[in-house]
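For reference, the structure is listed below as structure tokens.
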Amino acid sequence: MNLHFKKISIIGLGLIGTSILHAIKNKENNEIVTFAYDINPYHRDVVLKLNIASFVCDKIEDSVKEADLVILAVPVGSMKTVANLIAPFLKKNTVVTDTGSTKGSVINDVNPYMPDNVCFIPSHPLAGTEYSGPKSGFSSLFENRYWLIVHDNPTKETKKLVKFFQKLGSIVEIINTEYHDKILAITSHLPHLIAFTIVGTASDLESDLKNDVIKYSASGFRDFTRIASSDPTMWRDVFLNNSDAVLEMLHRFNEDLSDLQKAIKEKDGVKLHSFFSRTRAIRRKIIDAGQI
């Protein structure tokens, strides 16, 4: 079986889309023909000048009609529109995947538009930065990062996709939809929600106090502002499309926060030390797993 995609279309030229193009060009020695498209003409112009795609297309149909792999690197709220637009132009046996961080919603939005002779395999790279746009991509973004494939019944096409993601440097695992959305709710979506909230709280302080918060920002607050500077369109869509899992994890978080509030009020040093020690151990495990 041929495990190589020869013609690949990237739709959406932000951080993830351009990083895929950089990685393909860097690792595949120009053996793969790439087609790039973004609804924003500025993004297309940037990618054209970066010379990281074989063809930068002005029409979405031109970007997919020859491709044997199509990667949807657009906000999850745009998946339905894009799927509807490309469906009539997909070749027989084309594999379509995506990079969205909410899999249940993407499957519901994309599957109804996929022709019977096209294979849709949802996926999600656990890689990113706080930066967005076509100038933010780089070839090593996926190195040693997990790329999750959400497919209940793996096929030969799944094997082919696994091989491709591995060539980009990713560690590939296959999981189910509900499990993915719950894991991402706690590891990504909730931390971003907390960061947005903390920075929002600081912005609502009295002007003098707010100015000094910015002026004297310590490392903890700086880390929160880094996360909170992420693309607002992408994160709006994430919370709208993974609301059940996020609300479940938010409920658990609020319970833990109430326990900590009580411990601080009661000056329960033993409980605070025990909690902080447990969370410190989690950090060590993340470092040991190489996900820093």
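Labeling convention for the structure tokens: chains A, B, ... as they appear, residues from 1 per chain, ligands from 1 in order of appearance.
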
What's the 10 Å shell around Glu248 of chain A, counting only C-alpha atoms, without same-chain residues fewer than 4 positions away, as a PDB file with all heavy atoms, in the first residue's frame?
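And here is the file that came out, selection-v8.pdb:
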ATOM      1  N   LYS A 182     -13.262  15.840  26.380  1.00  0.00           N
ATOM      2  CA  LYS A 182     -13.114  16.013  27.827  1.00  0.00           C
ATOM      3  C   LYS A 182     -11.660  16.311  28.197  1.00  0.00           C
ATOM      4  O   LYS A 182     -11.385  17.178  29.037  1.00  0.00           O
ATOM      5  CB  LYS A 182     -13.600  14.759  28.559  1.00  0.00           C
ATOM      6  CG  LYS A 182     -15.109  14.653  28.643  1.00  0.00           C
ATOM      7  CD  LYS A 182     -15.536  13.564  29.617  1.00  0.00           C
ATOM      8  CE  LYS A 182     -17.059  13.559  29.774  1.00  0.00           C
ATOM      9  NZ  LYS A 182     -17.507  12.577  30.779  1.00  0.00           N
ATOM     10  N   ALA A 185     -10.853  19.807  27.258  1.00  0.00           N
ATOM     11  CA  ALA A 185     -11.544  20.776  28.116  1.00  0.00           C
ATOM     12  C   ALA A 185     -10.714  21.118  29.339  1.00  0.00           C
ATOM     13  O   ALA A 185     -10.662  22.279  29.761  1.00  0.00           O
ATOM     14  CB  ALA A 185     -12.913  20.232  28.526  1.00  0.00           C
ATOM     15  N   ILE A 186     -10.033  20.109  29.919  1.00  0.00           N
ATOM     16  CA  ILE A 186      -9.258  20.351  31.140  1.00  0.00           C
ATOM     17  C   ILE A 186      -7.824  20.771  30.847  1.00  0.00           C
ATOM     18  O   ILE A 186      -7.234  21.568  31.565  1.00  0.00           O
ATOM     19  CB  ILE A 186      -9.281  19.117  32.078  1.00  0.00           C
ATOM     20  CG1 ILE A 186      -8.687  19.469  33.448  1.00  0.00           C
ATOM     21  CG2 ILE A 186      -8.542  17.939  31.460  1.00  0.00           C
ATOM     22  CD1 ILE A 186      -9.458  20.491  34.224  1.00  0.00           C
ATOM     23  N   SER A 243     -18.996  23.287  24.720  1.00  0.00           N
ATOM     24  CA  SER A 243     -19.556  23.876  25.940  1.00  0.00           C
ATOM     25  C   SER A 243     -19.857  22.832  27.013  1.00  0.00           C
ATOM     26  O   SER A 243     -19.601  23.073  28.199  1.00  0.00           O
ATOM     27  CB  SER A 243     -20.824  24.667  25.614  1.00  0.00           C
ATOM     28  OG  SER A 243     -21.779  23.843  24.961  1.00  0.00           O
ATOM     29  N   ASP A 244     -20.370  21.666  26.647  1.00  0.00           N
ATOM     30  CA  ASP A 244     -20.734  20.660  27.650  1.00  0.00           C
ATOM     31  C   ASP A 244     -19.519  20.195  28.433  1.00  0.00           C
ATOM     32  O   ASP A 244     -19.541  20.144  29.675  1.00  0.00           O
ATOM     33  CB  ASP A 244     -21.418  19.456  26.983  1.00  0.00           C
ATOM     34  CG  ASP A 244     -22.818  19.779  26.485  1.00  0.00           C
ATOM     35  OD1 ASP A 244     -23.362  20.832  26.892  1.00  0.00           O
ATOM     36  OD2 ASP A 244     -23.360  19.001  25.689  1.00  0.00           O
ATOM     37  N   ARG A 252     -16.112  21.252  38.195  1.00  0.00           N
ATOM     38  CA  ARG A 252     -15.124  20.600  39.058  1.00  0.00           C
ATOM     39  C   ARG A 252     -14.099  21.609  39.571  1.00  0.00           C
ATOM     40  O   ARG A 252     -13.694  21.570  40.742  1.00  0.00           O
ATOM     41  CB  ARG A 252     -14.411  19.480  38.292  1.00  0.00           C
ATOM     42  CG  ARG A 252     -15.315  18.340  37.870  1.00  0.00           C
ATOM     43  CD  ARG A 252     -14.496  17.197  37.309  1.00  0.00           C
ATOM     44  NE  ARG A 252     -15.335  16.131  36.778  1.00  0.00           N
ATOM     45  CZ  ARG A 252     -14.882  14.938  36.436  1.00  0.00           C
ATOM     46  NH1 ARG A 252     -13.600  14.652  36.582  1.00  0.00           N
ATOM     47  NH2 ARG A 252     -15.696  14.014  35.960  1.00  0.00           N
ATOM     48  N   PHE A 253     -13.673  22.500  38.699  1.00  0.00           N
ATOM     49  CA  PHE A 253     -12.702  23.530  39.090  1.00  0.00           C
ATOM     50  C   PHE A 253     -13.275  24.433  40.176  1.00  0.00           C
ATOM     51  O   PHE A 253     -12.587  24.767  41.155  1.00  0.00           O
ATOM     52  CB  PHE A 253     -12.311  24.355  37.860  1.00  0.00           C
ATOM     53  CG  PHE A 253     -11.462  25.552  38.185  1.00  0.00           C
ATOM     54  CD1 PHE A 253     -10.111  25.415  38.454  1.00  0.00           C
ATOM     55  CD2 PHE A 253     -12.010  26.829  38.213  1.00  0.00           C
ATOM     56  CE1 PHE A 253      -9.327  26.522  38.761  1.00  0.00           C
ATOM     57  CE2 PHE A 253     -11.247  27.936  38.508  1.00  0.00           C
ATOM     58  CZ  PHE A 253      -9.894  27.786  38.781  1.00  0.00           C
TER      59      PHE A 253
END

_Backbone DSSP call of alpha helix (DSSP H) for segment 107-243 of chain A, listed as a PyMOL selection string_ = chain A and resi 107-110+156-167+177-184+190-203+207-215+219-228+232-241+243

*Which neighbours of Val246 of chain A fall inside 10 Å, counting only C-alpha atoms, when residues of the same chain fewer than 6 positions from it are skipped, and could you give them as a count of residues only?*
14

*asked:* Applying 7 Å and only C-alpha atoms, which residues near segment 167-172 of chain A remain after dropping the ones on its own chain fewer than 3 positions away? List them as a list in words.
replied: Ala23, Ile24, Phe142, Glu143, Asn144, Arg145, Tyr146, Trp147, Leu148, Val162, Lys163 and Phe164 of chain A

Write the residues you've just listed into a file as a compact mmCIF listing (two decimals), in the first residue's frame, and include N, CA and C atoms for each of them.
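Final output, out16.txt:
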# COMPACT_ATOMS: atom_id res chain seq x y z
N ALA A 23 6.67 22.56 7.57
CA ALA A 23 7.17 21.23 7.92
C ALA A 23 7.25 20.33 6.69
N ILE A 24 6.25 20.40 5.82
CA ILE A 24 6.27 19.60 4.59
C ILE A 24 7.47 19.99 3.73
N PHE A 142 5.43 20.83 15.37
CA PHE A 142 4.83 19.53 15.72
C PHE A 142 5.85 18.52 16.26
N GLU A 143 7.11 18.92 16.35
CA GLU A 143 8.15 18.01 16.83
C GLU A 143 7.87 17.54 18.25
N ASN A 144 7.77 16.22 18.41
CA ASN A 144 7.56 15.61 19.73
C ASN A 144 6.27 16.07 20.40
N ARG A 145 5.29 16.50 19.60
CA ARG A 145 3.98 16.87 20.12
C ARG A 145 2.96 15.82 19.66
N TYR A 146 1.97 15.60 20.48
CA TYR A 146 0.95 14.62 20.13
C TYR A 146 0.03 15.17 19.04
N TRP A 147 -0.29 14.28 18.11
CA TRP A 147 -1.31 14.58 17.10
C TRP A 147 -2.36 13.48 17.24
N LEU A 148 -3.52 13.85 17.74
CA LEU A 148 -4.57 12.88 18.03
C LEU A 148 -5.46 12.67 16.81
N VAL A 162 -1.54 8.52 9.81
CA VAL A 162 -0.60 8.36 10.93
C VAL A 162 0.83 8.54 10.42
N LYS A 163 1.15 7.88 9.32
CA LYS A 163 2.50 7.95 8.75
C LYS A 163 2.86 9.39 8.39
N PHE A 164 1.91 10.11 7.81
CA PHE A 164 2.17 11.49 7.42
C PHE A 164 2.44 12.37 8.64

Report as JSON lines: every residue of segment 126-178 of chain A with an atom at most 8 Å from segment 226-232 of chain A, its closest pair of atoms, and their distance in Å to one decimal, counting only C-alpha atoms, with rows sorted by chain and ascending residue number.
{"residue": "A:Thr129", "atom": "CA", "partner": "A:Ser230", "partner_atom": "CA", "distance": 7.8}
{"residue": "A:Glu130", "atom": "CA", "partner": "A:Ser230", "partner_atom": "CA", "distance": 4.5}
{"residue": "A:Tyr131", "atom": "CA", "partner": "A:Ser230", "partner_atom": "CA", "distance": 6.3}
{"residue": "A:Ser132", "atom": "CA", "partner": "A:Asp231", "partner_atom": "CA", "distance": 6.3}

With a cut-off of 9 Å, could you pull out the residues of segment 115-217 of chain A touching segment 43-64 of chain A and give me the nearest pair of atoms for each, distance in Å to one decimal, using only C-alpha atoms, ordered by chain and ascending number, as a Markdown table?
| residue | atom | partner | partner_atom | distance |
| --- | --- | --- | --- | --- |
| A:Gly133 | CA | A:His43 | CA | 7.3 |
| A:Pro134 | CA | A:His43 | CA | 5.8 |
| A:Lys135 | CA | A:Val46 | CA | 7.2 |

*Counting only C-alpha atoms, what is within 8 Å of Ile16 of chain A, bar same-chain residues fewer than 3 positions away, as a PyMOL selection string?*
chain A and resi 13+19-20+73+99+128+137

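Nearest-residue note for Gly100 of chain A: choosing from A:Leu257, A:Ile8, A:Ile71, A:Val33, the minimum distance belongs to A:Ile71, counting only C-alpha atoms.
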
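By chain and then residue number, the residues within 7 Å of segment 174-176 of chain A are Leu148, Ile149, Val150, His151, Asp152 and His180 of chain A, counting only C-alpha atoms and disregarding those fewer than 4 positions away in sequence.
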
_Excluding segment 116-118 of chain A and its own-chain neighbours fewer than 4 positions away, which residues fall within 12 Å of it when counting only C-alpha atoms? Please give them as a PyMOL selection string._
chain A and resi 67-70+83+86-97+110-112+157

*Have a look at atom CA of Ser203 of chain A and atom CA of Arg280 of chain A and let me know their distance in Å, one decimal.*
29.0 Å

_All strand (DSSP E or B) positions in segment 35-260 of chain A, as a ChimeraX atom specification_ = /A:35-37,55-56,69-72,95-98,119-120,123-125,146-150,171-175

Create the file for the chosen residues now, containing N, CA, C and O atoms and written as a CSV table (one decimal), in the first residue's frame.
chain,number,residue,atom,x,y,z
A,35,PHE,N,-1.1,22.8,-2.0
A,35,PHE,CA,-2.0,23.8,-2.5
A,35,PHE,C,-2.5,24.5,-1.2
A,35,PHE,O,-2.9,23.9,-0.3
A,36,ALA,N,-2.4,25.9,-1.2
A,36,ALA,CA,-2.8,26.7,0.0
A,36,ALA,C,-3.9,27.6,-0.4
A,36,ALA,O,-4.0,28.2,-1.4
A,37,TYR,N,-4.8,27.7,0.6
A,37,TYR,CA,-5.9,28.7,0.4
A,37,TYR,C,-6.3,29.2,1.8
A,37,TYR,O,-6.3,28.6,2.8
A,55,PHE,N,1.5,26.0,-4.7
A,55,PHE,CA,0.5,26.8,-5.4
A,55,PHE,C,-0.3,27.5,-4.3
A,55,PHE,O,-0.8,26.9,-3.3
A,56,VAL,N,-0.5,28.8,-4.4
A,56,VAL,CA,-1.4,29.6,-3.5
A,56,VAL,C,-2.6,29.9,-4.4
A,56,VAL,O,-2.5,30.6,-5.4
A,69,LEU,N,-5.0,14.6,-0.1
A,69,LEU,CA,-5.2,14.9,1.3
A,69,LEU,C,-5.6,16.4,1.5
A,69,LEU,O,-4.9,17.2,0.9
A,70,VAL,N,-6.7,16.6,2.2
A,70,VAL,CA,-7.1,18.0,2.4
A,70,VAL,C,-7.1,18.2,3.9
A,70,VAL,O,-7.8,17.4,4.7
A,71,ILE,N,-6.5,19.2,4.4
A,71,ILE,CA,-6.4,19.5,5.8
A,71,ILE,C,-7.1,20.9,6.1
A,71,ILE,O,-6.7,21.9,5.6
A,72,LEU,N,-8.2,20.8,6.9
A,72,LEU,CA,-8.9,22.0,7.3
A,72,LEU,C,-8.3,22.6,8.5
A,72,LEU,O,-8.6,22.1,9.6
A,95,VAL,N,-8.6,11.9,1.2
A,95,VAL,CA,-8.7,11.9,2.7
A,95,VAL,C,-8.8,13.3,3.1
A,95,VAL,O,-8.0,14.2,2.7
A,96,VAL,N,-9.8,13.6,4.0
A,96,VAL,CA,-10.0,14.9,4.5
A,96,VAL,C,-9.8,14.8,6.0
A,96,VAL,O,-10.3,13.9,6.7
A,97,THR,N,-9.0,15.7,6.6
A,97,THR,CA,-8.8,15.8,8.0
A,97,THR,C,-8.9,17.2,8.5
A,97,THR,O,-9.1,18.1,7.6
A,98,ASP,N,-8.8,17.5,9.8
A,98,ASP,CA,-8.9,18.8,10.3
A,98,ASP,C,-8.0,19.0,11.5
A,98,ASP,O,-7.3,18.0,11.9
A,119,CYS,N,-13.0,10.0,2.4
A,119,CYS,CA,-12.8,9.5,3.8
A,119,CYS,C,-12.4,10.7,4.7
A,119,CYS,O,-11.4,11.3,4.5
A,120,PHE,N,-13.3,11.0,5.6
A,120,PHE,CA,-13.1,12.1,6.6
A,120,PHE,C,-12.6,11.4,7.9
A,120,PHE,O,-13.2,10.6,8.5
A,123,SER,N,-8.9,15.0,13.2
A,123,SER,CA,-7.6,14.9,14.0
A,123,SER,C,-7.4,16.2,14.7
A,123,SER,O,-8.1,17.2,14.4
A,124,HIS,N,-6.4,16.3,15.5
A,124,HIS,CA,-6.1,17.5,16.3
A,124,HIS,C,-4.6,17.5,16.7
A,124,HIS,O,-4.2,16.6,17.6
A,125,PRO,N,-3.8,18.4,16.3
A,125,PRO,CA,-2.4,18.5,16.8
A,125,PRO,C,-2.4,19.2,18.1
A,125,PRO,O,-2.9,20.4,18.2
A,146,TYR,N,2.0,15.6,20.5
A,146,TYR,CA,0.9,14.6,20.1
A,146,TYR,C,0.0,15.2,19.0
A,146,TYR,O,-0.4,16.3,19.1
A,147,TRP,N,-0.3,14.3,18.1
A,147,TRP,CA,-1.3,14.6,17.1
A,147,TRP,C,-2.4,13.5,17.2
A,147,TRP,O,-2.1,12.3,17.0
A,148,LEU,N,-3.5,13.8,17.7
A,148,LEU,CA,-4.6,12.9,18.0
A,148,LEU,C,-5.5,12.7,16.8
A,148,LEU,O,-5.9,13.6,16.2
A,149,ILE,N,-5.7,11.4,16.5
A,149,ILE,CA,-6.6,11.1,15.4
A,149,ILE,C,-7.9,10.5,16.1
A,149,ILE,O,-7.8,9.6,17.0
A,150,VAL,N,-9.0,11.0,15.7
A,150,VAL,CA,-10.3,10.6,16.3
A,150,VAL,C,-11.0,9.7,15.3
A,150,VAL,O,-11.7,10.3,14.3
A,171,ILE,N,3.9,12.7,17.6
A,171,ILE,CA,3.6,11.4,18.2
A,171,ILE,C,2.1,11.2,18.0
A,171,ILE,O,1.3,12.0,18.5
A,172,VAL,N,1.7,10.1,17.4
A,172,VAL,CA,0.3,10.0,17.0
A,172,VAL,C,-0.4,8.9,17.8
A,172,VAL,O,0.1,7.8,18.0
A,173,GLU,N,-1.6,9.3,18.3
A,173,GLU,CA,-2.4,8.3,19.0
A,173,GLU,C,-3.8,8.4,18.5
A,173,GLU,O,-4.3,9.5,18.0
A,174,ILE,N,-4.6,7.3,18.6
A,174,ILE,CA,-6.0,7.3,18.1
A,174,ILE,C,-6.9,7.2,19.4
A,174,ILE,O,-6.7,6.3,20.2
A,175,ILE,N,-7.8,8.1,19.5
A,175,ILE,CA,-8.8,8.1,20.6
A,175,ILE,C,-10.2,8.3,20.1
A,175,ILE,O,-10.4,8.7,19.0
